[in-house]
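Raw data.cif, mmCIF, C-alpha atoms:
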data_query
loop_
_atom_site.label_atom_id
_atom_site.label_comp_id
_atom_site.auth_asym_id
_atom_site.auth_seq_id
_atom_site.Cartn_x
_atom_site.Cartn_y
_atom_site.Cartn_z
CA MET A 242 30.17 -41.65 22.40
CA MET A 243 33.43 -40.31 21.04
CA GLN A 244 36.13 -38.91 23.31
CA PRO A 245 36.04 -35.18 24.00
CA ILE A 246 39.02 -33.15 22.82
CA ASN A 247 38.82 -30.82 25.79
CA GLU A 248 36.85 -30.57 28.99
CA VAL A 249 36.24 -28.05 31.78
CA LYS A 250 34.38 -28.18 35.08
CA VAL A 251 33.44 -25.19 37.18
CA GLU A 252 31.49 -24.95 40.39
CA PHE A 253 30.01 -21.75 41.76
CA ILE A 254 27.49 -20.73 44.39
CA SER A 255 23.91 -19.99 43.44
CA LYS A 256 24.22 -16.21 43.26
CA SER A 257 22.45 -14.52 40.36
CA SER A 258 25.61 -12.58 39.48
CA ASN A 259 27.12 -15.95 38.51
CA GLU A 260 24.63 -16.31 35.64
CA SER A 261 26.74 -14.01 33.48
CA PHE A 262 29.92 -15.63 34.81
CA ALA A 263 28.71 -19.09 33.72
CA ARG A 264 27.66 -18.08 30.21
CA ILE A 265 30.89 -16.14 29.63
CA VAL A 266 32.97 -19.13 30.79
CA ALA A 267 31.03 -21.48 28.52
CA ALA A 268 31.34 -19.13 25.54
CA ALA A 269 35.06 -18.55 26.14
CA PHE A 270 35.69 -22.30 26.32
CA VAL A 271 33.59 -23.11 23.25
CA SER A 272 35.27 -20.34 21.25
CA GLN A 273 38.36 -22.59 21.01
CA LEU A 274 36.48 -24.35 18.22
CA ASP A 275 35.94 -21.02 16.43
CA PRO A 276 32.20 -21.23 15.78
CA THR A 277 30.25 -18.19 14.53
CA VAL A 278 29.26 -15.34 16.83
CA GLU A 279 25.61 -16.43 16.47
CA GLU A 280 26.45 -19.98 17.55
CA LEU A 281 28.32 -18.65 20.59
CA THR A 282 25.32 -16.52 21.50
CA ASP A 283 23.10 -19.61 21.24
CA VAL A 284 25.32 -21.38 23.78
CA LYS A 285 25.41 -18.34 26.09
CA THR A 286 21.64 -18.05 26.03
CA ALA A 287 21.03 -21.74 26.77
CA VAL A 288 23.56 -21.74 29.64
CA SER A 289 21.99 -18.61 31.07
CA GLU A 290 18.56 -20.28 31.10
CA ALA A 291 19.80 -23.49 32.74
CA VAL A 292 21.83 -21.69 35.43
CA THR A 293 18.95 -19.30 36.16
CA ASN A 294 16.63 -22.30 36.62
CA ALA A 295 19.11 -23.89 39.07
CA ILE A 296 19.27 -20.68 41.11
CA ILE A 297 15.57 -19.72 41.10
CA HIS A 298 13.91 -23.13 41.07
CA GLY A 299 16.58 -25.57 42.27
CA TYR A 300 17.77 -23.56 45.25
CA GLU A 301 14.88 -21.07 45.43
CA ASN A 302 17.43 -18.35 46.06
CA SER A 303 18.99 -20.14 49.04
CA SER A 304 22.67 -21.00 48.89
CA GLY A 305 24.02 -24.08 47.16
CA TYR A 306 26.49 -25.09 44.48
CA VAL A 307 25.85 -25.16 40.75
CA ARG A 308 28.19 -27.31 38.66
CA MET A 309 28.86 -26.75 35.00
CA GLN A 310 30.75 -29.18 32.82
CA CYS A 311 31.59 -28.52 29.16
CA LYS A 312 32.97 -31.14 26.79
CA LEU A 313 34.28 -30.12 23.40
CA TYR A 314 34.29 -32.36 20.37
CA THR A 315 35.66 -31.44 16.95
CA ASP A 316 32.52 -29.66 15.83
CA SER A 317 30.17 -29.82 18.83
CA VAL A 318 29.76 -29.24 22.55
CA GLU A 319 28.00 -30.95 25.41
CA ILE A 320 27.17 -28.85 28.46
CA GLU A 321 25.90 -30.18 31.77
CA ILE A 322 24.41 -27.88 34.42
CA GLU A 323 23.69 -29.57 37.72
CA ASP A 324 22.33 -28.51 41.11
CA ASP A 325 21.57 -30.29 44.40
CA GLY A 326 18.37 -28.35 44.94
CA LYS A 327 14.74 -29.33 45.34
CA GLY A 328 14.34 -31.11 41.99
CA ILE A 329 11.41 -31.16 39.58
CA GLU A 330 8.20 -33.11 40.32
CA ASP A 331 6.94 -33.27 36.76
CA ILE A 332 9.66 -32.77 34.14
CA GLU A 333 7.28 -32.92 31.19
CA LEU A 334 5.12 -30.15 32.65
CA ALA A 335 8.17 -28.03 33.52
CA ARG A 336 9.37 -28.22 29.90
CA GLN A 337 6.10 -26.94 28.45
CA PRO A 338 6.26 -23.46 26.91
CA LEU A 339 4.84 -20.74 29.17
CA TYR A 340 4.60 -23.06 32.20
CA THR A 341 6.05 -21.51 35.33
CA SER A 342 5.92 -22.84 38.88
CA LYS A 343 6.42 -19.29 40.14
CA PRO A 344 3.86 -17.05 38.40
CA GLU A 345 4.30 -14.40 41.12
CA LEU A 346 7.86 -13.75 39.94
CA GLU A 347 7.09 -12.28 36.52
CA ARG A 348 8.87 -15.22 34.87
CA SER A 349 7.91 -16.10 31.33
CA GLY A 350 8.03 -19.90 31.58
CA MET A 351 10.16 -20.01 28.43
CA GLY A 352 13.45 -21.25 29.90
CA PHE A 353 13.38 -24.84 28.62
CA THR A 354 11.81 -23.77 25.31
CA VAL A 355 14.70 -21.35 24.75
CA MET A 356 17.26 -24.07 25.62
CA GLU A 357 15.59 -26.49 23.18
CA SER A 358 15.51 -23.90 20.44
CA PHE A 359 19.12 -22.73 20.80
CA MET A 360 20.66 -26.20 21.28
CA ASP A 361 20.13 -29.42 19.27
CA LYS A 362 19.26 -31.65 22.20
CA VAL A 363 18.26 -31.03 25.84
CA ASP A 364 17.88 -33.84 28.38
CA VAL A 365 16.62 -33.23 31.89
CA TYR A 366 17.28 -35.59 34.81
CA SER A 367 15.66 -34.75 38.12
CA GLU A 368 14.27 -36.23 41.28
CA PRO A 369 12.40 -34.31 43.98
CA GLY A 370 14.74 -33.53 46.87
CA LYS A 371 17.83 -34.65 44.94
CA GLY A 372 18.50 -31.94 42.42
CA THR A 373 18.41 -31.47 38.67
CA LYS A 374 20.82 -32.09 35.83
CA VAL A 375 20.35 -30.54 32.39
CA VAL A 376 22.47 -31.95 29.56
CA MET A 377 22.57 -29.94 26.34
CA PHE A 378 24.24 -30.79 23.07
CA LYS A 379 24.94 -28.65 20.04
CA THR A 380 26.70 -29.28 16.74
CA PHE A 381 28.18 -26.15 15.19
CA LYS A 382 26.96 -26.24 11.61
CA SER A 383 29.56 -23.67 10.56
CA LEU A 384 32.22 -26.27 11.50
CA SER A 385 30.52 -29.51 10.45
CA GLU A 386 29.95 -28.06 6.97
CA LEU A 387 33.70 -27.49 6.60
CA LYS A 388 34.39 -31.20 6.75
CA MET B 108 24.03 -2.10 33.23
CA HIS B 109 22.71 1.34 32.53
CA ILE B 110 19.24 2.59 31.53
CA LYS B 111 18.60 5.84 29.68
CA PHE B 112 15.17 7.40 29.59
CA SER B 113 13.86 10.05 27.23
CA ASN B 114 10.37 11.38 26.58
CA ARG B 115 8.56 12.20 23.38
CA GLY B 116 5.11 13.49 24.06
CA THR B 117 3.37 10.87 26.20
CA THR B 118 5.86 8.18 25.23
CA LEU B 119 8.73 7.03 27.39
CA ILE B 120 11.70 5.66 25.47
CA ILE B 121 13.72 3.10 27.41
CA ARG B 122 17.24 2.33 26.24
CA ILE B 123 18.94 -0.50 28.13
CA ASN B 124 22.70 -0.62 27.86
CA GLY B 125 24.18 -3.98 28.89
CA GLU B 126 22.81 -7.46 29.51
CA LEU B 127 19.26 -8.31 30.55
CA ASP B 128 19.09 -11.54 32.54
CA HIS B 129 17.56 -12.72 35.83
CA HIS B 130 20.32 -10.93 37.76
CA THR B 131 19.75 -7.51 36.19
CA ALA B 132 15.97 -7.89 35.68
CA GLU B 133 15.00 -6.67 39.15
CA TYR B 134 17.01 -3.46 38.77
CA VAL B 135 15.61 -2.81 35.30
CA ARG B 136 12.07 -3.46 36.51
CA GLN B 137 12.33 -1.02 39.43
CA LYS B 138 13.98 1.72 37.36
CA ILE B 139 11.33 1.57 34.64
CA ASP B 140 8.39 1.35 37.06
CA SER B 141 9.48 4.40 39.03
CA GLU B 142 10.13 6.34 35.80
CA ILE B 143 6.62 5.49 34.53
CA LEU B 144 5.15 6.75 37.82
CA LYS B 145 6.92 10.09 37.91
CA SER B 146 6.37 11.25 34.34
CA THR B 147 3.37 11.82 32.10
CA THR B 148 4.01 8.48 30.41
CA ARG B 149 1.25 6.55 28.76
CA ASN B 150 3.18 4.60 26.17
CA ILE B 151 6.56 2.91 26.23
CA VAL B 152 9.08 2.07 23.54
CA PHE B 153 11.94 -0.31 24.33
CA ASP B 154 15.01 0.62 22.31
CA PHE B 155 17.31 -2.43 22.33
CA SER B 156 20.10 -0.93 20.22
CA GLU B 157 22.50 -1.08 23.19
CA LEU B 158 21.30 -4.37 24.66
CA SER B 159 24.13 -6.86 24.19
CA PHE B 160 22.41 -9.94 25.61
CA MET B 161 18.95 -11.04 26.67
CA ASP B 162 17.53 -14.36 27.86
CA SER B 163 13.95 -15.29 28.72
CA SER B 164 14.09 -13.13 31.87
CA GLY B 165 13.71 -10.20 29.47
CA ILE B 166 10.32 -11.48 28.32
CA GLY B 167 9.00 -11.26 31.89
CA VAL B 168 10.32 -7.72 32.21
CA ILE B 169 8.71 -6.60 28.93
CA ILE B 170 5.33 -8.27 29.64
CA GLY B 171 5.26 -6.88 33.19
CA ARG B 172 5.82 -3.31 31.96
CA TYR B 173 3.26 -3.83 29.20
CA LYS B 174 0.67 -4.81 31.81
CA ASN B 175 1.40 -1.64 33.79
CA ILE B 176 1.06 0.56 30.75
CA ARG B 177 -2.20 -1.14 29.75
CA LYS B 178 -3.70 0.13 33.01
CA LEU B 179 -3.07 3.64 31.64
CA ASN B 180 -4.59 2.61 28.29
CA GLY B 181 -1.15 2.97 26.75
CA LYS B 182 0.72 0.97 24.14
CA ALA B 183 4.14 -0.64 24.01
CA ALA B 184 6.57 -1.25 21.16
CA VAL B 185 10.11 -2.51 20.59
CA VAL B 186 12.82 -1.21 18.23
CA ASN B 187 16.37 -2.10 17.19
CA ILE B 188 16.50 -5.77 18.11
CA ASN B 189 19.10 -8.24 16.92
CA ASP B 190 18.38 -11.72 15.56
CA GLN B 191 18.96 -13.56 18.85
CA ILE B 192 16.57 -11.33 20.79
CA MET B 193 14.06 -11.52 17.92
CA ARG B 194 14.06 -15.32 18.18
CA ILE B 195 13.35 -15.19 21.93
CA LEU B 196 10.55 -12.65 21.51
CA ASN B 197 9.07 -14.67 18.67
CA MET B 198 9.03 -17.88 20.68
CA SER B 199 7.20 -16.26 23.57
CA GLY B 200 4.38 -14.95 21.37
CA ILE B 201 4.60 -11.43 22.81
CA LEU B 202 5.09 -9.88 19.38
CA LYS B 203 1.34 -10.34 18.88
CA ILE B 204 0.71 -7.66 21.50
CA ILE B 205 3.96 -5.69 21.41
CA PRO B 206 5.01 -4.94 17.82
CA VAL B 207 8.56 -4.46 16.56
CA TYR B 208 9.36 -1.40 14.42
CA LYS B 209 12.36 -0.61 12.27
CA SER B 210 12.97 2.88 13.59
CA LEU B 211 12.35 4.83 16.76
CA ASP B 212 10.31 7.46 14.87
CA GLU B 213 8.07 4.78 13.45
CA ALA B 214 7.57 3.17 16.87
CA VAL B 215 6.81 6.47 18.61
CA SER B 216 4.22 7.53 16.05
CA ALA B 217 2.62 4.06 16.12
CA VAL B 218 2.13 3.99 19.91
CA GLN B 219 0.85 7.59 19.97
CA GLU B 220 -1.74 7.01 17.26
#

Let's see the structure in the file written out as structure tokens.
Amino acid sequence: MMQPINEVKVEFISKSSNESFARIVAAAFVSQLDPTVEELTDVKTAVSEAVTNAIIHGYENSSGYVRMQCKLYTDSVEIEIEDDGKGIEDIELARQPLYTSKPELERSGMGFTVMESFMDKVDVYSEPGKGTKVVMFKTFKSLSELK
Amino acid sequence: MHIKFSNRGTTLIIRINGELDHHTAEYVRQKIDSEILKSTTRNIVFDFSELSFMDSSGIGVIIGRYKNIRKLNGKAAVVNINDQIMRILNMSGILKIIPVYKSLDEAVSAVQE
């Protein structure tokens, strides 16, 4: 893998008000590359989904830390969202559209599907009791086409 | 986050100003549910012209309100959505039961048919 040209790490507690904080930080950082407004919205949406999952499912609304790491490359970004929460038993099942482990919460079960659709690549690493790490990658076509 | 309600006949028009995510969803849900209870509402139209951001939490909010309105034999519709929100709604499949219209007038007359 090539070397990133810039990198940021933030850590915040699992409060739902930090969902907007996380996506604004990610978008502000990525905007250094000057992608399109649509591409920035894609990143914001994917980050919002991953952080919401960490808070609702990872920590089940108890308190813990969520870590976000963004690495910028010349025309792309890699974003890692990690929690030390309860982890996912069956990752494949969790990624299925419309699947939700908490049907009582009026959740749509579309979180991972949205991440996959708005980013180019989404990898999920998780172990029950040890937490979850979501790694997302996106190339900004508006920039790669300039080359 | 701010929600404006207006009524046209038996239709409640819901205009959400701000961002709809997991954090704001609970507030939005409660506001809409109590508004549906206190008025003569049968149908609802979501006007997203002032919604600046929505993630999949919004789908849950829309489907939940749709289920409530179905109990009153009402209909639901959506107007003024941007491309990003359209993609999320499309993915979830809810557009099969909750149609999108180009204008508020069109949406209101469709749900009151």

Q.
Counting all atoms listed in the file, a student should be able to say which residues of chain A come within 7 Å of chain B; what is the right answer, written as a ChimeraX atom specification?
A. /A:257-258,286,289-290,293,347-349,351-352,355

Atoms to include: C-alpha atoms. Write the selected residues as a short mmCIF file (atom, residue, chain, number, x, y, z; two decimals), in the frame of the given file.
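Result written to result11.cif:
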data_model
loop_
_atom_site.label_atom_id
_atom_site.label_comp_id
_atom_site.auth_asym_id
_atom_site.auth_seq_id
_atom_site.Cartn_x
_atom_site.Cartn_y
_atom_site.Cartn_z
CA SER A 257 22.45 -14.52 40.36
CA SER A 258 25.61 -12.58 39.48
CA THR A 286 21.64 -18.05 26.03
CA SER A 289 21.99 -18.61 31.07
CA GLU A 290 18.56 -20.28 31.10
CA THR A 293 18.95 -19.30 36.16
CA GLU A 347 7.09 -12.28 36.52
CA ARG A 348 8.87 -15.22 34.87
CA SER A 349 7.91 -16.10 31.33
CA MET A 351 10.16 -20.01 28.43
CA GLY A 352 13.45 -21.25 29.90
CA VAL A 355 14.70 -21.35 24.75
#

**Q.** Resolved residues for the PyMOL selection byres ((chain B and resi 177) around 12) as a list in words
**A.**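 When the PyMOL selection byres ((chain B and resi 177) around 12) is applied to the shown file, the picked residues are Thr148, Arg149, Asn150, Ile151, Ile170, Gly171, Arg172, Tyr173, Lys174, Asn175, Ile176, Lys178, Leu179, Asn180, Gly181, Lys182, Ala183, Ile204, Ile205 and Val218 of chain B.
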
Q) Which of these, A:Val365, A:Ala268, A:Leu274, A:Leu339, has the shortest distance to Ile201 (chain B) once you count all atoms listed in the file? A)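 Checking each candidate against Ile201 (chain B), we get A:Leu339 as the closest.
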
Q: I need the residue set behind the PyMOL selection byres ((chain A and resi 309-314) around 10) for this file; please write it as a ChimeraX atom specification.
A: /A:243-253,263-264,266-267,270-271,273-274,288,291-292,306-308,315-324,374-378,380

Write a file of the selected residues as an mmCIF file, in the frame of the given file, keeping C-alpha atoms.
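Final file, again-v2.cif:
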data_model
loop_
_atom_site.group_PDB
_atom_site.id
_atom_site.type_symbol
_atom_site.label_atom_id
_atom_site.label_comp_id
_atom_site.auth_asym_id
_atom_site.auth_seq_id
_atom_site.Cartn_x
_atom_site.Cartn_y
_atom_site.Cartn_z
ATOM 1 C CA MET A 243 33.430 -40.310 21.040
ATOM 2 C CA GLN A 244 36.130 -38.910 23.310
ATOM 3 C CA PRO A 245 36.040 -35.180 24.000
ATOM 4 C CA ILE A 246 39.020 -33.150 22.820
ATOM 5 C CA ASN A 247 38.820 -30.820 25.790
ATOM 6 C CA GLU A 248 36.850 -30.570 28.990
ATOM 7 C CA VAL A 249 36.240 -28.050 31.780
ATOM 8 C CA LYS A 250 34.380 -28.180 35.080
ATOM 9 C CA VAL A 251 33.440 -25.190 37.180
ATOM 10 C CA GLU A 252 31.490 -24.950 40.390
ATOM 11 C CA PHE A 253 30.010 -21.750 41.760
ATOM 12 C CA ALA A 263 28.710 -19.090 33.720
ATOM 13 C CA ARG A 264 27.660 -18.080 30.210
ATOM 14 C CA VAL A 266 32.970 -19.130 30.790
ATOM 15 C CA ALA A 267 31.030 -21.480 28.520
ATOM 16 C CA PHE A 270 35.690 -22.300 26.320
ATOM 17 C CA VAL A 271 33.590 -23.110 23.250
ATOM 18 C CA GLN A 273 38.360 -22.590 21.010
ATOM 19 C CA LEU A 274 36.480 -24.350 18.220
ATOM 20 C CA VAL A 288 23.560 -21.740 29.640
ATOM 21 C CA ALA A 291 19.800 -23.490 32.740
ATOM 22 C CA VAL A 292 21.830 -21.690 35.430
ATOM 23 C CA TYR A 306 26.490 -25.090 44.480
ATOM 24 C CA VAL A 307 25.850 -25.160 40.750
ATOM 25 C CA ARG A 308 28.190 -27.310 38.660
ATOM 26 C CA THR A 315 35.660 -31.440 16.950
ATOM 27 C CA ASP A 316 32.520 -29.660 15.830
ATOM 28 C CA SER A 317 30.170 -29.820 18.830
ATOM 29 C CA VAL A 318 29.760 -29.240 22.550
ATOM 30 C CA GLU A 319 28.000 -30.950 25.410
ATOM 31 C CA ILE A 320 27.170 -28.850 28.460
ATOM 32 C CA GLU A 321 25.900 -30.180 31.770
ATOM 33 C CA ILE A 322 24.410 -27.880 34.420
ATOM 34 C CA GLU A 323 23.690 -29.570 37.720
ATOM 35 C CA ASP A 324 22.330 -28.510 41.110
ATOM 36 C CA LYS A 374 20.820 -32.090 35.830
ATOM 37 C CA VAL A 375 20.350 -30.540 32.390
ATOM 38 C CA VAL A 376 22.470 -31.950 29.560
ATOM 39 C CA MET A 377 22.570 -29.940 26.340
ATOM 40 C CA PHE A 378 24.240 -30.790 23.070
ATOM 41 C CA THR A 380 26.700 -29.280 16.740
#

**Q.** Explicit residues for the PyMOL selection byres ((chain B and resi 188) around 10) (as a list in words)
**A.**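 Written out, the selection comes to Phe153, Asp154, Phe155, Ser156, Glu157, Leu158, Ser159, Val185, Val186, Asn187, Asn189, Asp190, Gln191, Ile192, Met193, Arg194, Leu196, Val207, Tyr208 and Lys209 of chain B.
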
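Counting from CA of Lys327 (chain A), the distance to CA of Gly370 (chain A) is 4.5 Å.
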
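Going from CA of Leu119 (chain B) to CA of Thr147 (chain B) covers 8.6 Å.
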
Q | Given only C-alpha atoms as the counted atoms, nearest of A:Glu330, A:Gln337, A:Ser385, A:Thr354 to Gly299 (chain A) | A | A:Glu330

Q) Separation of CA of Ile329 (chain A) and CA of Thr282 (chain A), in Å? A) 27.1 Å

(Q) Measuring between all atoms listed in the file, which one of B:Glu133, B:Glu142, B:Glu220, B:Asp212 shows the shortest distance to Arg115 (chain B)? (A) B:Asp212

Q: Pick out the closest residue to Gly372 (chain A) from this set: A:Ile332, A:Met356, A:Ala287, A:Ala295. Count only C-alpha atoms.
A: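 The closest residue to Gly372 (chain A) is A:Ala295.
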
**Q.** Among listed residues B:Ile143, B:Ala184, B:Thr117, B:Gln137, nearest Ala217 (chain B) (using all atoms listed in the file)
**A.**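 When distances to Ala217 (chain B) are compared using all atoms listed in the file, the smallest one comes from B:Ala184.
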
Please give the centre and size of the box around region 157-170 of chain B (axis-aligned, containing every atom listed in the file, 3 Å added per side), with values in Å to one decimal and written as AutoDock Vina command-line options.
--center_x 14.7 --center_y -8.2 --center_z 27.7 --size_x 24.8 --size_y 20.2 --size_z 15.0

Q) Using all atoms listed in the file, which residue out of A:Asp275, A:Glu260, A:Glu280, A:Glu345 lies closest to Met360 (chain A)? A)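 Between A:Asp275, A:Glu260, A:Glu280, A:Glu345, the residue approaching Met360 (chain A) most closely is A:Glu280.
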